[in-house]
Amino acid sequence: MSGPSFHYVGATQLHDALSHGARRGAAYLAGGTDFLQLWKTGLATPEIVIDISRLPLAEISHAGNALNLGALARLSDVSAHGDVKVHHPLVAQAVLASASGQLRNQATIGGNLLQRTRCPYFRGEHLACNKRAPGSGCGARDGENRQAALFGTGSGCVATHASDLAVALVALDAEIIVAGATGERRLALRDLYPLPGATTAPDSTLADGDVITTINIRDATRFAARSTYLKIRDRASFEFAVVSVAAALQVEGGIITAARLAAGGIAPLPWRLHGSEAALVGCAAGEAAFVAAGERAIEGARPLEKNAFKIPLLRNAVIRALQTIGGPL
């Protein structure tokens, strides 16, 4: 038995991809590691599939203190790149934690940032989910919510964002370049991810037909000596985060002069821990500052019935990550 028909376009130029991508029912295909799963289960029903895997958007370059990642660069190529490992180890660590080796060989950077939630209510086509069917409700609020978010939720959605890489990049204030029908624009990666509404939960702020072309990280090499990505998951092999922490410090004379902290598995988007950062800057690098940062990380958490255990888990993960990078070099 055959599935629904679709029109395939093999794009070799960006302008060609954009012209097809703006059409109704269009979807882009790059590595396909998430999209093909959604397609097979009926959660994606494209009428036009634009294969963008051949576009010249896979370059990885480092100049000065800036790292530029083409959106079609494979995860495995990014994690193995010499400049990434030396100057941006937080990015390499997050990539290595994000998937199996086979998936990293296929998945792209841009696709990883745009992967859809692993919430079972979204993945189950007959369950209530505003992200899949706006207005249908959020089954996770009163159902199985062990993996649900602590922050940034509303009545409409409590699903968490799935990308490990996005957590590290948000911690490092990464920017993305987006190409679309109206031209090219640049925005902070954190602005790619909107919070859910009462009856809707969009995955991104991209317009139909938009393509991420490049990810830029600037002024982050100062964190190379003291950064880590800590991922807590139900099993050590390929699994999505229950809680994760991207942490980076700059320490001069024993005093923390700059701090970057973001967490995954706790919000609908990579969650920047600004309160924890503020608790660290200007303090001596040591246990007192690290514990204070851990306490600030859990302020404002709104747990559900089955996910309250994430509150002490997040607190302890922040402290542990800081202990890992905050000692003498």
# chains A, B, ... in the order shown; residues from 1 in each chain; ligands from 1
>>> residues_around(residues="A:Gln93", least_positions_apart="5", cutoff="8 Å", atoms="only C-alpha atoms", output="tab-separated table (two decimals) with C-alpha atoms, in the first residue's frame")
chain	number	residue	atom	x	y	z
A	79	SER	CA	32.28	17.87	17.00
A	228	THR	CA	31.25	22.00	30.25
A	229	TYR	CA	28.00	20.40	29.14
>>> residues_around(residues="stretch 96-99 of chain A", least_positions_apart="5", cutoff="8 Å", atoms="only C-alpha atoms", output="PyMOL selection string")
chain A and resi 76+79+104+163-165+231+238-240
>>> atom_distance(atom1="atom CA of A:Arg226", atom2="atom CA of A:Leu249")
5.5 Å
>>> closest_residue(among="A:Pro120, A:Gly32, A:Pro268, A:Ala198", to="A:Arg146", atoms="only C-alpha atoms")
A:Pro120
>>> closest_atom_pairs(of="stretch 84-154 of chain A", to="stretch 38-51 of chain A", cutoff="8 Å", atoms="only C-alpha atoms", output="CSV")
residue,atom,partner,partner_atom,distance
A:Arg123,CA,A:Leu43,CA,7.5
A:Glu125,CA,A:Leu43,CA,7.2
A:Arg132,CA,A:Leu43,CA,7.8
>>> write_last_selection(atoms="N, CA, C and O atoms", output="CSV table (one decimal), in the first residue's frame")
chain,number,residue,atom,x,y,z
A,123,ARG,N,3.8,13.2,20.0
A,123,ARG,CA,4.1,12.1,19.1
A,123,ARG,C,2.9,11.1,19.0
A,123,ARG,O,2.9,10.3,18.1
A,125,GLU,N,-0.6,10.5,17.9
A,125,GLU,CA,-1.6,11.3,17.1
A,125,GLU,C,-3.0,11.4,17.6
A,125,GLU,O,-3.8,12.2,17.2
A,132,ARG,N,0.5,19.9,18.2
A,132,ARG,CA,0.2,19.2,17.0
A,132,ARG,C,-1.1,19.6,16.4
A,132,ARG,O,-1.3,19.8,15.2
>>> closest_residue(among="A:Gly265, A:Gly286, A:Pro303, A:Gly326", to="A:Arg118", atoms="only C-alpha atoms")
A:Gly265
>>> closest_residue(among="A:Ala247, A:Leu75, A:Ala284, A:Ala171", to="A:Gln102", atoms="only C-alpha atoms")
A:Leu75
>>> select_by_dssp(residues="stretch 142-181 of chain A", states="strand (DSSP E)", output="list of chain:residue names")
A:Glu175, A:Ile176, A:Ile177, A:Val178, A:Ala179, A:Gly180
>>> closest_residue(among="A:Ser61, A:Thr160, A:Val86, A:Gly31", to="A:Asn112", atoms="only C-alpha atoms")
A:Gly31
>>> residues_around(residues="A:Ile232", least_positions_apart="6", cutoff="9 Å", atoms="only C-alpha atoms", output="number ranges by chain")
A: 240-245, 313, 317
>>> residues_around(residues="A:Ile256", least_positions_apart="4", cutoff="8 Å", atoms="only C-alpha atoms", output="PyMOL selection string")
chain A and resi 249-252+280-285
>>> atom_distance(atom1="atom CA of A:Gly275", atom2="atom CA of A:Lys306")
25.3 Å
>>> residues_around(residues="A:Gly180", least_positions_apart="3", cutoff="12 Å", atoms="only C-alpha atoms", output="list in words")
Leu14, His15, Asp16, Ala17, Leu18, Ser19, His20, Gly21, Ala22, Ile177, Gly183, Glu184, Arg185, Arg186, Leu206, Ala207, Asp208, Gly209, Asp210, Val211, Ile212 and Thr213 of chain A
>>> write_last_selection(atoms="N, CA, C and O atoms", output="PDB file, in the first residue's frame")
ATOM      1  N   LEU A  14      20.224  28.173  -3.278  1.00  0.00           N
ATOM      2  CA  LEU A  14      19.363  28.633  -2.205  1.00  0.00           C
ATOM      3  C   LEU A  14      18.112  29.316  -2.740  1.00  0.00           C
ATOM      4  O   LEU A  14      17.006  29.090  -2.222  1.00  0.00           O
ATOM      5  N   HIS A  15      18.256  30.148  -3.759  1.00  0.00           N
ATOM      6  CA  HIS A  15      17.091  30.871  -4.277  1.00  0.00           C
ATOM      7  C   HIS A  15      16.049  29.911  -4.834  1.00  0.00           C
ATOM      8  O   HIS A  15      14.845  30.151  -4.750  1.00  0.00           O
ATOM      9  N   ASP A  16      16.523  28.781  -5.379  1.00  0.00           N
ATOM     10  CA  ASP A  16      15.602  27.774  -5.901  1.00  0.00           C
ATOM     11  C   ASP A  16      14.838  27.117  -4.757  1.00  0.00           C
ATOM     12  O   ASP A  16      13.617  26.913  -4.835  1.00  0.00           O
ATOM     13  N   ALA A  17      15.546  26.789  -3.681  1.00  0.00           N
ATOM     14  CA  ALA A  17      14.892  26.198  -2.517  1.00  0.00           C
ATOM     15  C   ALA A  17      13.853  27.137  -1.930  1.00  0.00           C
ATOM     16  O   ALA A  17      12.737  26.718  -1.587  1.00  0.00           O
ATOM     17  N   LEU A  18      14.197  28.420  -1.817  1.00  0.00           N
ATOM     18  CA  LEU A  18      13.277  29.388  -1.225  1.00  0.00           C
ATOM     19  C   LEU A  18      12.022  29.579  -2.075  1.00  0.00           C
ATOM     20  O   LEU A  18      10.918  29.742  -1.544  1.00  0.00           O
ATOM     21  N   SER A  19      12.190  29.545  -3.383  1.00  0.00           N
ATOM     22  CA  SER A  19      11.025  29.734  -4.250  1.00  0.00           C
ATOM     23  C   SER A  19      10.027  28.591  -4.103  1.00  0.00           C
ATOM     24  O   SER A  19       8.812  28.802  -4.154  1.00  0.00           O
ATOM     25  N   HIS A  20      10.517  27.386  -3.891  1.00  0.00           N
ATOM     26  CA  HIS A  20       9.622  26.242  -3.678  1.00  0.00           C
ATOM     27  C   HIS A  20       9.138  26.183  -2.232  1.00  0.00           C
ATOM     28  O   HIS A  20       8.002  25.781  -1.965  1.00  0.00           O
ATOM     29  N   GLY A  21      10.006  26.587  -1.287  1.00  0.00           N
ATOM     30  CA  GLY A  21       9.648  26.470   0.116  1.00  0.00           C
ATOM     31  C   GLY A  21       8.515  27.364   0.534  1.00  0.00           C
ATOM     32  O   GLY A  21       7.834  27.085   1.535  1.00  0.00           O
ATOM     33  N   ALA A  22       8.287  28.440  -0.187  1.00  0.00           N
ATOM     34  CA  ALA A  22       7.206  29.359   0.157  1.00  0.00           C
ATOM     35  C   ALA A  22       5.833  28.835  -0.271  1.00  0.00           C
ATOM     36  O   ALA A  22       4.808  29.418   0.089  1.00  0.00           O
ATOM     37  N   ILE A 177      21.638  33.248  10.997  1.00  0.00           N
ATOM     38  CA  ILE A 177      21.258  33.987   9.795  1.00  0.00           C
ATOM     39  C   ILE A 177      20.174  33.180   9.096  1.00  0.00           C
ATOM     40  O   ILE A 177      20.326  31.970   8.880  1.00  0.00           O
ATOM     41  N   GLY A 183      14.207  38.299   2.057  1.00  0.00           N
ATOM     42  CA  GLY A 183      15.635  38.569   2.150  1.00  0.00           C
ATOM     43  C   GLY A 183      16.269  37.849   3.329  1.00  0.00           C
ATOM     44  O   GLY A 183      15.733  36.870   3.840  1.00  0.00           O
ATOM     45  N   GLU A 184      17.400  38.368   3.759  1.00  0.00           N
ATOM     46  CA  GLU A 184      18.181  37.743   4.817  1.00  0.00           C
ATOM     47  C   GLU A 184      18.081  38.563   6.099  1.00  0.00           C
ATOM     48  O   GLU A 184      18.061  39.792   6.063  1.00  0.00           O
ATOM     49  N   ARG A 185      18.015  37.887   7.232  1.00  0.00           N
ATOM     50  CA  ARG A 185      17.983  38.586   8.513  1.00  0.00           C
ATOM     51  C   ARG A 185      18.809  37.812   9.533  1.00  0.00           C
ATOM     52  O   ARG A 185      19.050  36.622   9.392  1.00  0.00           O
ATOM     53  N   ARG A 186      19.222  38.523  10.546  1.00  0.00           N
ATOM     54  CA  ARG A 186      20.031  37.950  11.620  1.00  0.00           C
ATOM     55  C   ARG A 186      19.267  38.100  12.939  1.00  0.00           C
ATOM     56  O   ARG A 186      18.694  39.145  13.205  1.00  0.00           O
ATOM     57  N   LEU A 206      10.243  31.141  12.804  1.00  0.00           N
ATOM     58  CA  LEU A 206      10.477  31.183  11.363  1.00  0.00           C
ATOM     59  C   LEU A 206       9.161  31.284  10.607  1.00  0.00           C
ATOM     60  O   LEU A 206       8.152  30.686  10.994  1.00  0.00           O
ATOM     61  N   ALA A 207       9.185  32.017   9.504  1.00  0.00           N
ATOM     62  CA  ALA A 207       8.037  32.067   8.611  1.00  0.00           C
ATOM     63  C   ALA A 207       8.092  30.866   7.669  1.00  0.00           C
ATOM     64  O   ALA A 207       9.142  30.229   7.495  1.00  0.00           O
ATOM     65  N   ASP A 208       6.976  30.541   7.065  1.00  0.00           N
ATOM     66  CA  ASP A 208       6.944  29.444   6.099  1.00  0.00           C
ATOM     67  C   ASP A 208       7.971  29.702   5.000  1.00  0.00           C
ATOM     68  O   ASP A 208       8.026  30.798   4.430  1.00  0.00           O
ATOM     69  N   GLY A 209       8.771  28.717   4.702  1.00  0.00           N
ATOM     70  CA  GLY A 209       9.757  28.838   3.635  1.00  0.00           C
ATOM     71  C   GLY A 209      11.106  29.363   4.068  1.00  0.00           C
ATOM     72  O   GLY A 209      12.051  29.376   3.274  1.00  0.00           O
ATOM     73  N   ASP A 210      11.243  29.821   5.321  1.00  0.00           N
ATOM     74  CA  ASP A 210      12.529  30.316   5.811  1.00  0.00           C
ATOM     75  C   ASP A 210      13.543  29.168   5.934  1.00  0.00           C
ATOM     76  O   ASP A 210      13.174  28.027   6.234  1.00  0.00           O
ATOM     77  N   VAL A 211      14.810  29.515   5.739  1.00  0.00           N
ATOM     78  CA  VAL A 211      15.902  28.546   5.883  1.00  0.00           C
ATOM     79  C   VAL A 211      16.987  29.159   6.755  1.00  0.00           C
ATOM     80  O   VAL A 211      17.445  30.280   6.501  1.00  0.00           O
ATOM     81  N   ILE A 212      17.402  28.446   7.797  1.00  0.00           N
ATOM     82  CA  ILE A 212      18.591  28.854   8.553  1.00  0.00           C
ATOM     83  C   ILE A 212      19.808  28.523   7.697  1.00  0.00           C
ATOM     84  O   ILE A 212      19.966  27.394   7.240  1.00  0.00           O
ATOM     85  N   THR A 213      20.674  29.504   7.481  1.00  0.00           N
ATOM     86  CA  THR A 213      21.853  29.267   6.647  1.00  0.00           C
ATOM     87  C   THR A 213      23.143  29.166   7.444  1.00  0.00           C
ATOM     88  O   THR A 213      24.038  28.401   7.091  1.00  0.00           O
TER      89      THR A 213
END
>>> atom_distance(atom1="atom CA of A:Ser53", atom2="atom CA of A:His88")
25.3 Å
>>> select_by_dssp(residues="stretch 3-156 of chain A", states="alpha helix (DSSP H)", output="PyMOL selection string")
chain A and resi 14-21+35-40+75-80+82-87+89-98+101-106+109-113+120-123
>>> residues_around(residues="A:Glu59", least_positions_apart="3", cutoff="10 Å", atoms="only C-alpha atoms", output="ChimeraX atom specification")
/A:56,68-74,77-78,214
>>> closest_residue(among="A:Ala149, A:Leu127, A:Ala26, A:Ala133", to="A:Ala308", atoms="only C-alpha atoms")
A:Ala149
